[in-house]
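File shown: structure.tsv (TSV, C-alpha atoms).
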```tsv
chain	number	residue	atom	x	y	z
A	476	MET	CA	-1.73	4.25	15.18
A	477	ILE	CA	-1.24	7.13	12.75
A	478	LYS	CA	0.07	10.25	14.46
A	479	ARG	CA	-1.71	13.31	13.15
A	480	THR	CA	0.40	16.16	11.84
A	481	LEU	CA	-1.81	18.57	13.79
A	482	PHE	CA	-0.74	16.97	17.09
A	483	THR	CA	2.65	18.71	16.97
A	484	ASP	CA	1.07	22.04	16.04
A	485	VAL	CA	-1.33	21.85	18.99
A	486	MET	CA	1.47	20.90	21.40
A	487	GLU	CA	3.24	24.16	20.60
A	488	TRP	CA	0.29	26.11	22.04
A	489	LEU	CA	0.06	24.34	25.37
A	490	ASP	CA	0.62	26.46	28.46
A	491	ARG	CA	-0.10	29.68	26.62
A	492	ASP	CA	-2.82	32.10	27.51
A	493	LYS	CA	-5.20	30.81	24.83
A	494	VAL	CA	-8.11	28.40	24.45
A	495	ILE	CA	-7.15	25.79	21.85
A	496	LEU	CA	-10.04	25.16	19.43
A	497	ILE	CA	-9.91	22.14	17.09
A	498	LYS	CA	-12.50	22.21	14.28
A	499	GLY	CA	-13.33	19.57	11.70
A	500	ALA	CA	-16.01	17.40	10.14
A	501	ARG	CA	-17.53	14.42	11.89
A	502	GLN	CA	-15.35	11.30	11.96
A	503	VAL	CA	-12.09	13.02	10.95
A	504	GLY	CA	-10.48	12.09	14.27
A	505	LYS	CA	-11.06	15.04	16.62
A	506	THR	CA	-11.89	12.78	19.56
A	507	THR	CA	-8.88	10.57	18.85
A	508	LEU	CA	-6.65	13.64	18.68
A	509	LEU	CA	-8.00	14.93	22.00
A	510	LEU	CA	-7.41	11.53	23.60
A	511	ASP	CA	-3.87	11.45	22.17
A	512	ILE	CA	-3.27	14.85	23.75
A	513	LYS	CA	-4.73	13.57	27.01
A	514	ASN	CA	-2.49	10.49	27.02
A	515	HIS	CA	0.58	12.56	26.17
A	516	LEU	CA	-0.07	15.00	29.02
A	517	GLN	CA	-0.81	12.21	31.48
A	518	SER	CA	2.48	10.54	30.54
A	519	GLN	CA	4.11	13.76	31.76
A	520	GLN	CA	2.25	13.48	35.08
A	521	LYS	CA	-0.13	16.33	34.19
A	522	MET	CA	-3.69	16.53	35.47
A	523	VAL	CA	-6.08	16.11	32.53
A	524	VAL	CA	-9.86	15.77	32.22
A	525	TYR	CA	-11.77	14.81	29.06
A	526	VAL	CA	-15.49	15.71	28.83
A	527	ALA	CA	-17.75	14.82	25.87
A	528	ALA	CA	-20.23	17.70	25.74
A	529	ASP	CA	-22.81	15.77	23.70
A	530	GLU	CA	-23.12	13.28	26.57
A	531	PHE	CA	-24.03	16.13	28.94
A	532	SER	CA	-26.12	18.25	26.55
A	533	ASN	CA	-29.16	18.14	28.86
A	534	ALA	CA	-27.19	18.43	32.10
A	535	ASP	CA	-26.85	21.55	34.25
A	536	ILE	CA	-23.06	21.45	34.40
A	537	PHE	CA	-22.83	23.62	31.27
A	538	SER	CA	-25.50	26.07	32.37
A	539	ASP	CA	-23.13	27.99	34.61
A	540	ALA	CA	-19.33	28.29	34.53
A	541	ARG	CA	-19.00	28.11	38.31
A	542	LEU	CA	-21.15	24.99	38.39
A	543	PHE	CA	-18.86	23.40	35.77
A	544	LEU	CA	-15.81	24.14	37.93
A	545	LYS	CA	-17.62	22.53	40.86
A	546	PHE	CA	-18.33	19.49	38.69
A	547	LEU	CA	-14.60	19.19	37.90
A	548	ASN	CA	-13.89	19.29	41.63
A	549	PHE	CA	-16.59	16.81	42.68
A	550	GLU	CA	-16.06	14.38	39.79
A	551	TYR	CA	-12.29	14.50	39.33
A	552	GLY	CA	-10.90	16.24	42.39
A	553	ILE	CA	-9.61	19.14	40.27
A	554	GLU	CA	-9.52	22.71	41.53
A	555	ARG	CA	-6.56	24.19	39.64
A	556	ASN	CA	-3.49	23.48	37.46
A	557	ALA	CA	-5.09	21.14	34.92
A	558	TYR	CA	-5.95	20.72	31.26
A	559	VAL	CA	-9.67	20.40	30.52
A	560	LEU	CA	-10.59	18.87	27.14
A	561	ILE	CA	-14.19	19.49	26.00
A	562	ASP	CA	-15.24	17.50	22.92
A	563	GLU	CA	-18.05	18.67	20.56
A	564	PHE	CA	-18.53	21.87	22.50
A	565	GLN	CA	-21.18	23.19	20.06
A	566	TYR	CA	-23.69	20.96	21.91
A	567	ILE	CA	-23.42	23.34	24.87
A	568	LYS	CA	-26.21	25.88	24.89
A	569	ASN	CA	-24.77	29.38	24.41
A	570	SER	CA	-21.37	27.68	24.21
A	571	GLY	CA	-19.36	30.75	23.26
A	572	LEU	CA	-20.64	32.80	26.16
A	573	PHE	CA	-20.20	29.85	28.52
A	574	ILE	CA	-16.54	29.37	27.49
A	575	LYS	CA	-15.86	33.13	27.74
A	576	VAL	CA	-17.24	33.33	31.28
A	577	LEU	CA	-15.32	30.16	32.19
A	578	ILE	CA	-12.05	31.61	30.85
A	579	ASP	CA	-12.57	34.89	32.67
A	580	MET	CA	-13.28	33.04	35.90
A	581	ILE	CA	-10.17	30.85	35.48
A	582	LYS	CA	-8.03	33.95	34.94
A	583	ARG	CA	-9.60	36.02	37.70
A	584	GLU	CA	-9.11	33.28	40.26
A	585	SER	CA	-5.67	32.24	38.87
A	586	LEU	CA	-6.76	28.60	38.57
A	587	GLY	CA	-4.14	27.62	35.99
A	588	ILE	CA	-6.61	25.63	33.87
A	589	GLN	CA	-6.14	25.48	30.08
A	590	LEU	CA	-9.11	24.60	27.88
A	591	ILE	CA	-8.78	22.51	24.72
A	592	ILE	CA	-12.12	22.24	22.89
A	593	SER	CA	-13.37	20.67	19.67
A	594	GLY	CA	-16.36	21.22	17.40
A	595	SER	CA	-17.86	19.87	14.17
A	596	SER	CA	-19.79	22.72	12.56
A	597	SER	CA	-18.07	25.98	11.74
A	598	LEU	CA	-21.53	27.57	11.34
A	599	GLU	CA	-22.33	27.07	15.01
A	600	ILE	CA	-18.73	27.50	16.08
A	601	SER	CA	-18.44	30.86	14.33
A	602	LYS	CA	-21.51	32.15	16.16
A	603	SER	CA	-20.21	30.77	19.44
A	604	THR	CA	-16.62	31.95	19.15
A	605	GLU	CA	-17.48	35.61	18.58
A	606	TYR	CA	-17.18	35.78	22.37
A	607	LEU	CA	-13.70	34.29	22.20
A	608	THR	CA	-12.00	36.89	19.99
A	609	GLY	CA	-8.44	37.30	21.22
A	610	ARG	CA	-8.84	34.37	23.63
A	611	LYS	CA	-8.43	31.41	21.26
A	612	ILE	CA	-6.14	29.80	18.70
A	613	GLU	CA	-7.93	27.71	16.04
A	614	PHE	CA	-6.81	24.54	14.26
A	615	LEU	CA	-8.67	22.77	11.45
A	616	LEU	CA	-8.44	18.96	11.38
A	617	PHE	CA	-9.04	17.32	8.00
A	618	PRO	CA	-9.31	13.64	7.07
A	619	PHE	CA	-5.96	11.90	6.67
A	620	SER	CA	-3.64	13.57	4.19
A	621	PHE	CA	-1.93	11.23	1.73
A	622	GLN	CA	1.25	11.62	3.77
A	623	GLU	CA	-0.57	10.66	6.98
A	624	TYR	CA	-2.15	7.73	5.11
A	625	LEU	CA	1.38	6.59	4.20
A	626	SER	CA	2.89	7.30	7.59
A	627	THR	CA	2.40	3.81	8.99
A	628	GLU	CA	5.71	3.15	7.20
A	629	ASN	CA	8.68	5.26	8.31
A	630	LYS	CA	10.15	5.40	4.81
A	631	PHE	CA	7.32	7.76	3.81
A	632	ALA	CA	7.61	10.02	6.87
A	633	LEU	CA	9.71	12.49	4.91
A	634	SER	CA	9.45	15.96	3.45
A	635	PHE	CA	11.43	17.58	0.66
A	636	ASN	CA	12.21	21.16	-0.30
A	637	LEU	CA	11.94	21.60	-4.07
A	638	ASP	CA	14.93	23.92	-4.32
A	639	ASP	CA	17.29	22.21	-1.90
A	640	ASP	CA	16.31	18.53	-2.03
A	641	PHE	CA	15.41	17.95	-5.68
A	642	ASN	CA	18.10	15.32	-6.26
A	643	SER	CA	17.01	13.36	-3.16
A	644	LEU	CA	13.39	13.68	-4.26
A	645	THR	CA	14.34	12.25	-7.66
A	646	ASP	CA	16.04	9.24	-6.08
A	647	PHE	CA	13.11	8.69	-3.72
A	648	TYR	CA	10.66	8.76	-6.64
A	649	ARG	CA	12.71	6.33	-8.72
A	650	ILE	CA	12.69	3.84	-5.84
A	651	TYR	CA	9.05	4.13	-4.71
A	652	GLN	CA	7.10	5.36	-7.76
A	653	LYS	CA	4.98	2.24	-8.31
A	654	GLU	CA	4.25	1.72	-4.65
A	655	LEU	CA	3.23	5.36	-4.25
A	656	GLU	CA	0.95	5.16	-7.30
A	657	HIS	CA	-0.73	2.00	-5.97
A	658	ARG	CA	-1.30	3.55	-2.55
A	659	PHE	CA	-2.48	6.82	-4.09
A	660	SER	CA	-5.17	5.02	-6.12
A	661	ALA	CA	-6.61	3.44	-2.96
A	662	TYR	CA	-6.44	6.76	-1.13
A	663	ILE	CA	-8.38	8.58	-3.87
A	664	LEU	CA	-10.98	5.80	-4.05
A	665	TRP	CA	-11.73	5.54	-0.32
A	666	GLY	CA	-10.63	8.94	0.96
A	667	GLY	CA	-9.00	9.83	4.23
A	668	TYR	CA	-11.66	9.40	6.91
A	669	PRO	CA	-9.50	7.59	9.51
A	670	GLU	CA	-11.80	4.69	10.32
A	671	VAL	CA	-12.56	4.10	6.64
A	672	SER	CA	-8.89	4.25	5.64
A	673	LEU	CA	-7.85	1.68	8.22
A	674	GLN	CA	-10.47	-0.96	7.34
A	675	PRO	CA	-9.14	-4.29	5.95
A	676	SER	CA	-11.79	-4.78	3.24
A	677	ASN	CA	-13.68	-2.78	0.61
A	678	ALA	CA	-17.01	-4.01	1.99
A	679	SER	CA	-16.31	-2.61	5.45
A	680	ARG	CA	-14.99	0.65	3.96
A	681	ARG	CA	-18.18	1.09	1.95
A	682	MET	CA	-20.34	0.31	4.97
A	683	LEU	CA	-18.54	2.88	7.11
A	684	LEU	CA	-18.74	5.57	4.42
A	685	LYS	CA	-22.47	4.97	4.21
A	686	GLU	CA	-22.74	5.29	7.99
A	687	ILE	CA	-20.75	8.53	8.05
A	688	ILE	CA	-22.84	10.15	5.31
A	689	SER	CA	-26.21	8.95	6.61
A	690	THR	CA	-25.35	10.09	10.14
A	691	TYR	CA	-24.29	13.47	8.76
A	692	ILE	CA	-27.54	13.87	6.80
A	693	GLU	CA	-29.87	12.55	9.50
A	694	LYS	CA	-28.27	13.85	12.68
A	695	ASP	CA	-26.34	17.00	11.81
A	696	VAL	CA	-28.40	18.30	8.91
A	697	ALA	CA	-31.98	17.16	9.56
A	698	GLY	CA	-31.68	17.41	13.33
A	699	TYR	CA	-29.03	19.75	14.64
A	700	LEU	CA	-29.02	22.25	11.74
A	701	ASN	CA	-32.80	22.07	11.20
A	702	VAL	CA	-32.87	21.53	7.44
A	703	GLU	CA	-36.48	20.88	6.51
A	704	ASN	CA	-36.13	19.71	2.88
A	705	VAL	CA	-33.68	16.87	3.57
A	706	SER	CA	-34.41	15.27	0.18
A	707	ALA	CA	-33.31	18.38	-1.74
A	708	PHE	CA	-30.27	18.74	0.50
A	709	ASN	CA	-29.27	15.13	-0.12
A	710	LYS	CA	-29.70	15.62	-3.88
A	711	LEU	CA	-27.50	18.71	-3.68
A	712	VAL	CA	-24.72	16.75	-2.00
A	713	GLN	CA	-24.92	14.17	-4.78
A	714	LEU	CA	-25.26	16.71	-7.58
A	715	LEU	CA	-22.21	18.65	-6.45
A	716	SER	CA	-20.17	15.44	-6.53
A	717	TYR	CA	-20.61	15.50	-10.33
A	718	GLN	CA	-19.18	19.03	-10.39
A	719	VAL	CA	-16.02	18.53	-8.34
A	720	SER	CA	-13.29	20.94	-9.44
A	721	ALA	CA	-15.77	22.81	-11.67
A	722	LEU	CA	-17.49	26.19	-11.47
A	723	VAL	CA	-20.61	26.44	-9.32
A	724	ASN	CA	-23.55	27.95	-11.16
A	725	ARG	CA	-26.16	28.67	-8.52
A	726	ASN	CA	-28.89	29.45	-11.06
A	727	GLU	CA	-28.48	26.04	-12.67
A	728	LEU	CA	-28.55	24.33	-9.29
A	729	THR	CA	-31.77	26.06	-8.17
A	730	SER	CA	-33.44	25.10	-11.45
A	731	THR	CA	-32.32	21.46	-11.22
A	732	LEU	CA	-33.30	21.06	-7.56
A	733	GLY	CA	-36.48	23.15	-7.72
A	734	ILE	CA	-35.57	25.22	-4.66
A	735	HIS	CA	-35.33	28.95	-3.99
A	736	TYR	CA	-32.02	30.76	-4.45
A	737	LYS	CA	-31.89	31.65	-0.73
A	738	THR	CA	-32.50	28.01	0.19
A	739	LEU	CA	-29.63	26.94	-2.06
A	740	SER	CA	-27.35	29.53	-0.48
A	741	LYS	CA	-28.28	28.24	2.97
A	742	TYR	CA	-27.59	24.63	1.97
A	743	LEU	CA	-24.24	25.53	0.40
A	744	ASP	CA	-23.30	27.40	3.58
A	745	ILE	CA	-24.12	24.27	5.58
A	746	LEU	CA	-22.06	22.00	3.29
A	747	ILE	CA	-19.10	24.33	3.57
A	748	GLY	CA	-19.65	25.06	7.25
A	749	THR	CA	-19.70	21.37	8.10
A	750	PHE	CA	-16.47	20.79	6.12
A	751	ILE	CA	-17.96	18.54	3.41
A	752	TYR	CA	-17.34	20.86	0.47
A	753	ALA	CA	-15.13	23.92	-0.01
A	754	LEU	CA	-15.28	26.84	-2.44
A	755	VAL	CA	-12.28	28.46	-4.13
A	756	ASN	CA	-12.70	31.99	-5.49
A	757	PRO	CA	-11.07	33.34	-8.65
A	758	PHE	CA	-7.97	35.50	-8.40
A	759	TYR	CA	-8.39	39.15	-9.31
A	760	THR	CA	-6.56	42.25	-8.21
A	761	ASN	CA	-9.98	43.92	-7.90
A	762	ILE	CA	-11.65	42.25	-4.91
A	763	ARG	CA	-15.14	43.26	-6.06
A	764	LYS	CA	-14.59	41.30	-9.25
A	765	GLU	CA	-13.14	38.40	-7.30
A	766	LEU	CA	-16.19	38.07	-5.10
A	767	SER	CA	-18.68	38.52	-7.95
A	768	LYS	CA	-17.43	35.65	-10.15
A	769	MET	CA	-18.42	32.00	-9.83
A	770	PRO	CA	-16.25	29.92	-7.45
A	771	LYS	CA	-15.05	26.35	-7.99
A	772	ILE	CA	-16.25	23.53	-5.74
A	773	PHE	CA	-14.07	20.90	-4.08
A	774	LEU	CA	-14.68	17.99	-1.72
A	775	ASN	CA	-12.71	17.80	1.50
A	776	ASP	CA	-12.58	14.01	1.04
A	777	THR	CA	-12.77	12.07	-2.24
A	778	GLY	CA	-14.32	9.07	-0.51
A	779	ILE	CA	-17.62	10.98	-0.65
A	780	TYR	CA	-17.29	11.18	-4.44
A	781	TYR	CA	-16.93	7.42	-4.76
A	782	TYR	CA	-19.77	6.87	-2.33
A	783	TYR	CA	-22.02	8.42	-5.00
A	784	HIS	CA	-20.02	6.88	-7.90
A	785	PRO	CA	-19.18	3.44	-6.47
A	786	GLN	CA	-16.52	1.10	-7.78
A	787	ASN	CA	-14.33	-1.51	-6.10
A	788	THR	CA	-10.97	-0.75	-7.65
A	789	LEU	CA	-9.25	2.19	-9.29
A	790	THR	CA	-6.02	2.05	-11.24
A	791	PHE	CA	-3.63	4.98	-11.13
A	792	ASP	CA	-3.91	5.79	-14.85
A	793	ALA	CA	-7.72	5.74	-14.63
A	794	ILE	CA	-8.05	8.38	-11.91
A	795	PRO	CA	-10.22	11.20	-13.34
A	796	GLY	CA	-8.45	14.52	-13.81
A	797	ASN	CA	-11.02	16.41	-11.73
A	798	LEU	CA	-10.27	14.18	-8.72
A	799	VAL	CA	-6.54	14.73	-9.16
A	800	GLU	CA	-7.22	18.46	-9.12
A	801	ASN	CA	-9.39	17.97	-6.03
A	802	PHE	CA	-6.52	16.13	-4.33
A	803	VAL	CA	-4.15	18.97	-5.18
A	804	TYR	CA	-6.54	21.42	-3.52
A	805	THR	CA	-6.75	19.40	-0.30
A	806	SER	CA	-2.97	19.02	-0.29
A	807	LEU	CA	-2.40	22.76	-0.74
A	808	LYS	CA	-4.76	23.82	2.01
A	809	ARG	CA	-2.88	21.70	4.53
A	810	GLN	CA	0.34	23.62	3.86
A	811	LYS	CA	0.98	25.91	6.83
A	812	SER	CA	2.93	28.41	4.73
A	813	ILE	CA	0.02	29.00	2.32
A	814	ASN	CA	-2.37	31.80	3.28
A	815	ASN	CA	-4.92	31.72	0.45
A	816	ILE	CA	-5.82	29.56	-2.54
A	817	TYR	CA	-7.43	30.88	-5.74
A	818	PHE	CA	-7.88	29.87	-9.35
A	819	TYR	CA	-7.27	32.15	-12.32
A	820	ARG	CA	-9.40	32.51	-15.43
A	821	THR	CA	-9.10	35.05	-18.25
A	822	ILE	CA	-11.93	36.48	-20.34
A	823	ALA	CA	-10.71	34.17	-23.11
A	824	ARG	CA	-11.18	31.27	-20.64
A	825	SER	CA	-7.52	30.41	-20.31
A	826	GLU	CA	-7.19	29.03	-16.80
A	827	ILE	CA	-4.64	28.28	-14.11
A	828	ASP	CA	-5.93	25.65	-11.71
A	829	PHE	CA	-4.49	27.26	-8.57
A	830	VAL	CA	-2.78	30.45	-7.52
A	831	VAL	CA	-1.53	30.18	-3.94
A	832	ARG	CA	-0.51	33.12	-1.82
A	833	LYS	CA	2.45	32.45	0.43
A	834	TRP	CA	2.61	35.54	2.59
A	835	GLU	CA	3.52	38.32	0.16
A	836	LYS	CA	4.50	35.91	-2.64
A	837	MET	CA	2.41	33.91	-5.12
A	838	ILE	CA	2.90	30.55	-6.81
A	839	PRO	CA	0.85	29.56	-9.90
A	840	LEU	CA	0.15	25.83	-10.05
A	841	GLU	CA	-1.32	23.84	-12.93
A	842	VAL	CA	-2.50	20.19	-12.92
A	843	LYS	CA	-1.64	18.13	-16.01
A	844	PHE	CA	-2.41	14.47	-15.27
A	845	ARG	CA	-1.21	13.05	-18.58
A	846	LYS	CA	1.80	11.28	-20.09
A	847	LEU	CA	3.29	14.11	-22.16
A	848	VAL	CA	3.49	17.45	-20.40
A	849	LYS	CA	4.55	20.82	-21.79
A	850	MET	CA	4.90	24.12	-19.99
A	851	PRO	CA	1.47	25.82	-20.22
A	852	ALA	CA	1.83	29.26	-21.84
A	853	ILE	CA	-0.63	30.77	-19.37
A	854	LEU	CA	1.84	30.14	-16.51
A	855	ASN	CA	4.53	32.25	-18.15
A	856	GLN	CA	2.01	34.97	-18.97
A	857	PHE	CA	0.77	35.06	-15.39
A	858	ARG	CA	4.28	35.08	-13.98
A	859	GLN	CA	5.30	38.03	-16.15
A	860	LYS	CA	2.17	39.94	-15.18
A	861	TYR	CA	2.33	39.33	-11.42
A	862	ASP	CA	6.01	38.53	-10.72
A	863	THR	CA	5.37	35.22	-9.00
A	864	GLU	CA	7.66	32.50	-7.71
A	865	LYS	CA	8.58	29.63	-10.01
A	866	PRO	CA	5.42	27.83	-11.20
A	867	ILE	CA	4.63	24.21	-10.36
A	868	VAL	CA	3.08	21.78	-12.82
A	869	VAL	CA	1.55	18.73	-11.11
A	870	THR	CA	1.92	15.74	-13.43
A	871	ARG	CA	1.17	12.03	-13.70
A	872	ASP	CA	4.78	10.86	-13.68
A	873	THR	CA	7.06	13.69	-14.89
A	874	LEU	CA	9.62	14.96	-12.39
A	875	GLN	CA	11.80	17.79	-13.69
A	876	ASN	CA	13.31	21.05	-12.53
A	877	THR	CA	13.57	23.41	-15.52
A	878	LYS	CA	14.19	27.13	-15.78
A	879	GLU	CA	10.49	27.67	-16.39
A	880	ALA	CA	8.89	25.45	-13.76
A	881	PHE	CA	8.99	22.51	-11.38
A	882	PHE	CA	7.25	19.43	-12.80
A	883	VAL	CA	6.11	17.27	-9.87
A	884	PRO	CA	4.23	13.92	-9.94
A	885	VAL	CA	1.01	14.16	-7.96
A	886	VAL	CA	2.03	11.30	-5.64
A	887	LEU	CA	4.89	13.47	-4.32
A	888	LEU	CA	2.90	16.63	-3.65
A	889	ASP	CA	2.11	15.86	0.00
A	890	LEU	CA	5.81	15.21	0.66
A	891	ILE	CA	6.89	18.67	-0.53
A	892	GLU	CA	7.32	21.77	1.60
A	893	PHE	CA	6.18	25.03	0.05
```
In structure tokens, how does this file's structure come out?
Amino acid sequence: MIKRTLFTDVMEWLDRDKVILIKGARQVGKTTLLLDIKNHLQSQQKMVVYVAADEFSNADIFSDARLFLKFLNFEYGIERNAYVLIDEFQYIKNSGLFIKVLIDMIKRESLGIQLIISGSSSLEISKSTEYLTGRKIEFLLFPFSFQEYLSTENKFALSFNLDDDFNSLTDFYRIYQKELEHRFSAYILWGGYPEVSLQPSNASRRMLLKEIISTYIEKDVAGYLNVENVSAFNKLVQLLSYQVSALVNRNELTSTLGIHYKTLSKYLDILIGTFIYALVNPFYTNIRKELSKMPKIFLNDTGIYYYYHPQNTLTFDAIPGNLVENFVYTSLKRQKSINNIYFYRTIARSEIDFVVRKWEKMIPLEVKFRKLVKMPAILNQFRQKYDTEKPIVVTRDTLQNTKEAFFVPVVLLDLIEF
């Protein structure tokens, strides 16, 4: 079993006056995480109930909050002082209002019940959770990070601070460089969907990836989210895989797909809202400019890329630079200390791959997946202009701490605290 990093974060919010909401794409492990929470609480002699909402989508138990409390009593003998875990709660009709009324009833009658709920589509969740403003704390569960992927071995269950632990990080890298590079290549090729990652063969990994994507297209998109032109949507998913880490030109996409601009916007919203793709906006001090420029597109899991560009093996040196940049994005967005992620591009088209905002501070970060790496001039220019923290250059195999920047091999990025 791989223990999810999010498990500890969720545990810190137990027994507080909040609904815990866990969001994430299909098959990233939300149900497993809920069951881990259930088992942990039961080991402490707590009363816990797990309910899969999609199995009761046509039942009356979710039509009325009081009826649901009666169901808990009749089915499980629970009246108060319990944890109730509701999986895939977006299948509940008027789910946000239902949860709000349920919370208010629990509080009014001092029942001592805490709700922990999960959902797969942020589009539906956002509509539903408008009722829960001030009542919830949200967590986003991604596919396995590279660190989680490695965590079956205790020697990789480490984290390093760049300033304080650089010498230890250097020793660690000297010992495990080749093993990390080998594991990283497999991780990039197959991605971090838990069930896919843990399969023993490439054939079973490919079969499961196909199942995940076809289920997403057929069930979530064609059915639940009512997309009529499924063929165009499917082509969009594939077309965007060719543009990973690149700018998104909506006019070009509408022309290629033969669909209306509004339809494209709807489809992009769905892809982002169901956690398949993500957009990163450019950094500007003028927010109107920031929102008016083209964003860059990233996958939340590189296994989807190789589903559309299949191959059986991938050597470390042959990993495409755009997928390395994509990995860096997914690594950065898992960092709890990072508030926002941007990219930076000048009129002259000089670019910094990422600018991350860490509370009131900023860190520019450039990806240079090559043998010989120099300090990019744009990093110094940006630092002088915006007074940032020391830049980071993500490399293939260069590990250095200079006056100008930290140079960090990509295989170490997930093991570093920002």
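Counting only C-alpha atoms, the residue from A:Tyr648, A:Tyr525, A:Phe881, A:Phe758 that sits nearest to Val831 (chain A) is A:Phe758.
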Query - Proximity to Leu847 (chain A) - best of A:Arg541, A:Arg555, A:Arg871, A:Arg820, all atoms listed in the file - result: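 Nearest candidate to Leu847 (chain A) out of A:Arg541, A:Arg555, A:Arg871, A:Arg820: A:Arg871.
Comparing the minimum interatomic distances between Val868 (chain A) and each of A:Ile687, A:Val885, A:Val842, A:Leu728, counting all atoms listed in the file, we find that A:Val842 sits nearest.
Within 8 Å of the point (-11.0, 6.8, -3.5) in file coordinates, and counting all atoms listed in the file, lie the residues A:Ser660, A:Ala661, A:Tyr662, A:Ile663, A:Leu664, A:Trp665, A:Gly666, A:Thr777, A:Gly778, A:Tyr780, A:Tyr781, A:Leu789.
Taking CA of Lys836 (chain A) as the reference point, CA of Arg858 (chain A) is found at 11.4 Å.
Of the residues under consideration (A:Ile495, A:Val705, A:Leu547, A:Val723), A:Ile495 shows the shortest atom-to-atom contact distance to Arg610 (chain A) when counting only C-alpha atoms.
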Report task. Would you kindly return, as a ChimeraX atom specification, each protein, DNA or RNA residue with an atom no farther than 12 Å from any atom of region 637-645 of chain A, considering all atoms listed in the file and excluding same-chain residues fewer than 5 positions away? Result -> /A:631,650-652,864-867,872-878,880-884,886-888,890-893
Query raised in the report: Near region 752-756 of chain A, counting only C-alpha atoms, which residues have an atom at most 8 Å away, once you skip same-chain residues fewer than 5 positions from it, shown as a ChimeraX atom specification?
Result: /A:746-747,765-766,768-775,816-818
Query raised in the report: Suppose you want the space between CA of Phe543 (chain A) and CA of Asn701 (chain A); what is it in Å?
Result: 28.3 Å
Query raised in the report: What does the distance from CA of Glu800 (chain A) to CA of Val848 (chain A) come to in Å, to one decimal?
Result: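 The value is 15.6 Å.
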Query raised in the report: So which one's closest to Ser620 (chain A), A:Arg845, A:Arg763, A:Lys478, A:His735? Using only C-alpha atoms, please.
Result: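 Using only C-alpha atoms, the shortest distance to Ser620 (chain A) belongs to A:Lys478.
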Query - Selected residue, from A:Leu544, A:Leu586, A:Ile578, A:Val524, that lies nearest to Asp562 (chain A) when counting all atoms listed in the file - result: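 The closest residue to Asp562 (chain A) is A:Val524.
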Skipping near chain neighbours, those fewer than 2 positions away, what residues fall within 10 Å of Gly504 (chain A) using all atoms listed in the file, listed as an mmCIF file with C-alpha atoms, in the coordinates of the input?
```cif
data_model
loop_
_atom_site.group_PDB
_atom_site.id
_atom_site.type_symbol
_atom_site.label_atom_id
_atom_site.label_comp_id
_atom_site.auth_asym_id
_atom_site.auth_seq_id
_atom_site.Cartn_x
_atom_site.Cartn_y
_atom_site.Cartn_z
ATOM 1 C CA ARG A 479 -1.710 13.310 13.150
ATOM 2 C CA GLY A 499 -13.330 19.570 11.700
ATOM 3 C CA ALA A 500 -16.010 17.400 10.140
ATOM 4 C CA ARG A 501 -17.530 14.420 11.890
ATOM 5 C CA GLN A 502 -15.350 11.300 11.960
ATOM 6 C CA THR A 506 -11.890 12.780 19.560
ATOM 7 C CA THR A 507 -8.880 10.570 18.850
ATOM 8 C CA LEU A 508 -6.650 13.640 18.680
ATOM 9 C CA LEU A 509 -8.000 14.930 22.000
ATOM 10 C CA LEU A 510 -7.410 11.530 23.600
ATOM 11 C CA LEU A 616 -8.440 18.960 11.380
ATOM 12 C CA PHE A 617 -9.040 17.320 8.000
ATOM 13 C CA PRO A 618 -9.310 13.640 7.070
ATOM 14 C CA PHE A 619 -5.960 11.900 6.670
ATOM 15 C CA TYR A 668 -11.660 9.400 6.910
ATOM 16 C CA PRO A 669 -9.500 7.590 9.510
ATOM 17 C CA GLU A 670 -11.800 4.690 10.320
#
```
Mind filling out region 781-789 of chain A with N, CA and C atoms and sending it as a CSV table (one decimal), in the frame of the given file?
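Result went into result_2.csv, see below:
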```csv
chain,number,residue,atom,x,y,z
A,781,TYR,N,-16.7,8.8,-4.4
A,781,TYR,CA,-16.9,7.4,-4.8
A,781,TYR,C,-18.1,6.7,-4.0
A,782,TYR,N,-18.5,7.4,-2.9
A,782,TYR,CA,-19.8,6.9,-2.3
A,782,TYR,C,-20.9,7.0,-3.3
A,783,TYR,N,-21.0,8.2,-4.0
A,783,TYR,CA,-22.0,8.4,-5.0
A,783,TYR,C,-21.7,7.9,-6.4
A,784,HIS,N,-20.4,7.5,-6.6
A,784,HIS,CA,-20.0,6.9,-7.9
A,784,HIS,C,-19.2,5.6,-7.6
A,785,PRO,N,-19.9,4.6,-7.0
A,785,PRO,CA,-19.2,3.4,-6.5
A,785,PRO,C,-18.4,2.6,-7.5
A,786,GLN,N,-17.3,2.1,-7.1
A,786,GLN,CA,-16.5,1.1,-7.8
A,786,GLN,C,-15.5,0.5,-6.8
A,787,ASN,N,-15.1,-0.8,-7.1
A,787,ASN,CA,-14.3,-1.5,-6.1
A,787,ASN,C,-12.8,-1.3,-6.2
A,788,THR,N,-12.4,-1.0,-7.4
A,788,THR,CA,-11.0,-0.8,-7.6
A,788,THR,C,-10.8,0.5,-8.5
A,789,LEU,N,-9.6,1.0,-8.5
A,789,LEU,CA,-9.2,2.2,-9.3
A,789,LEU,C,-7.8,2.1,-9.6
```
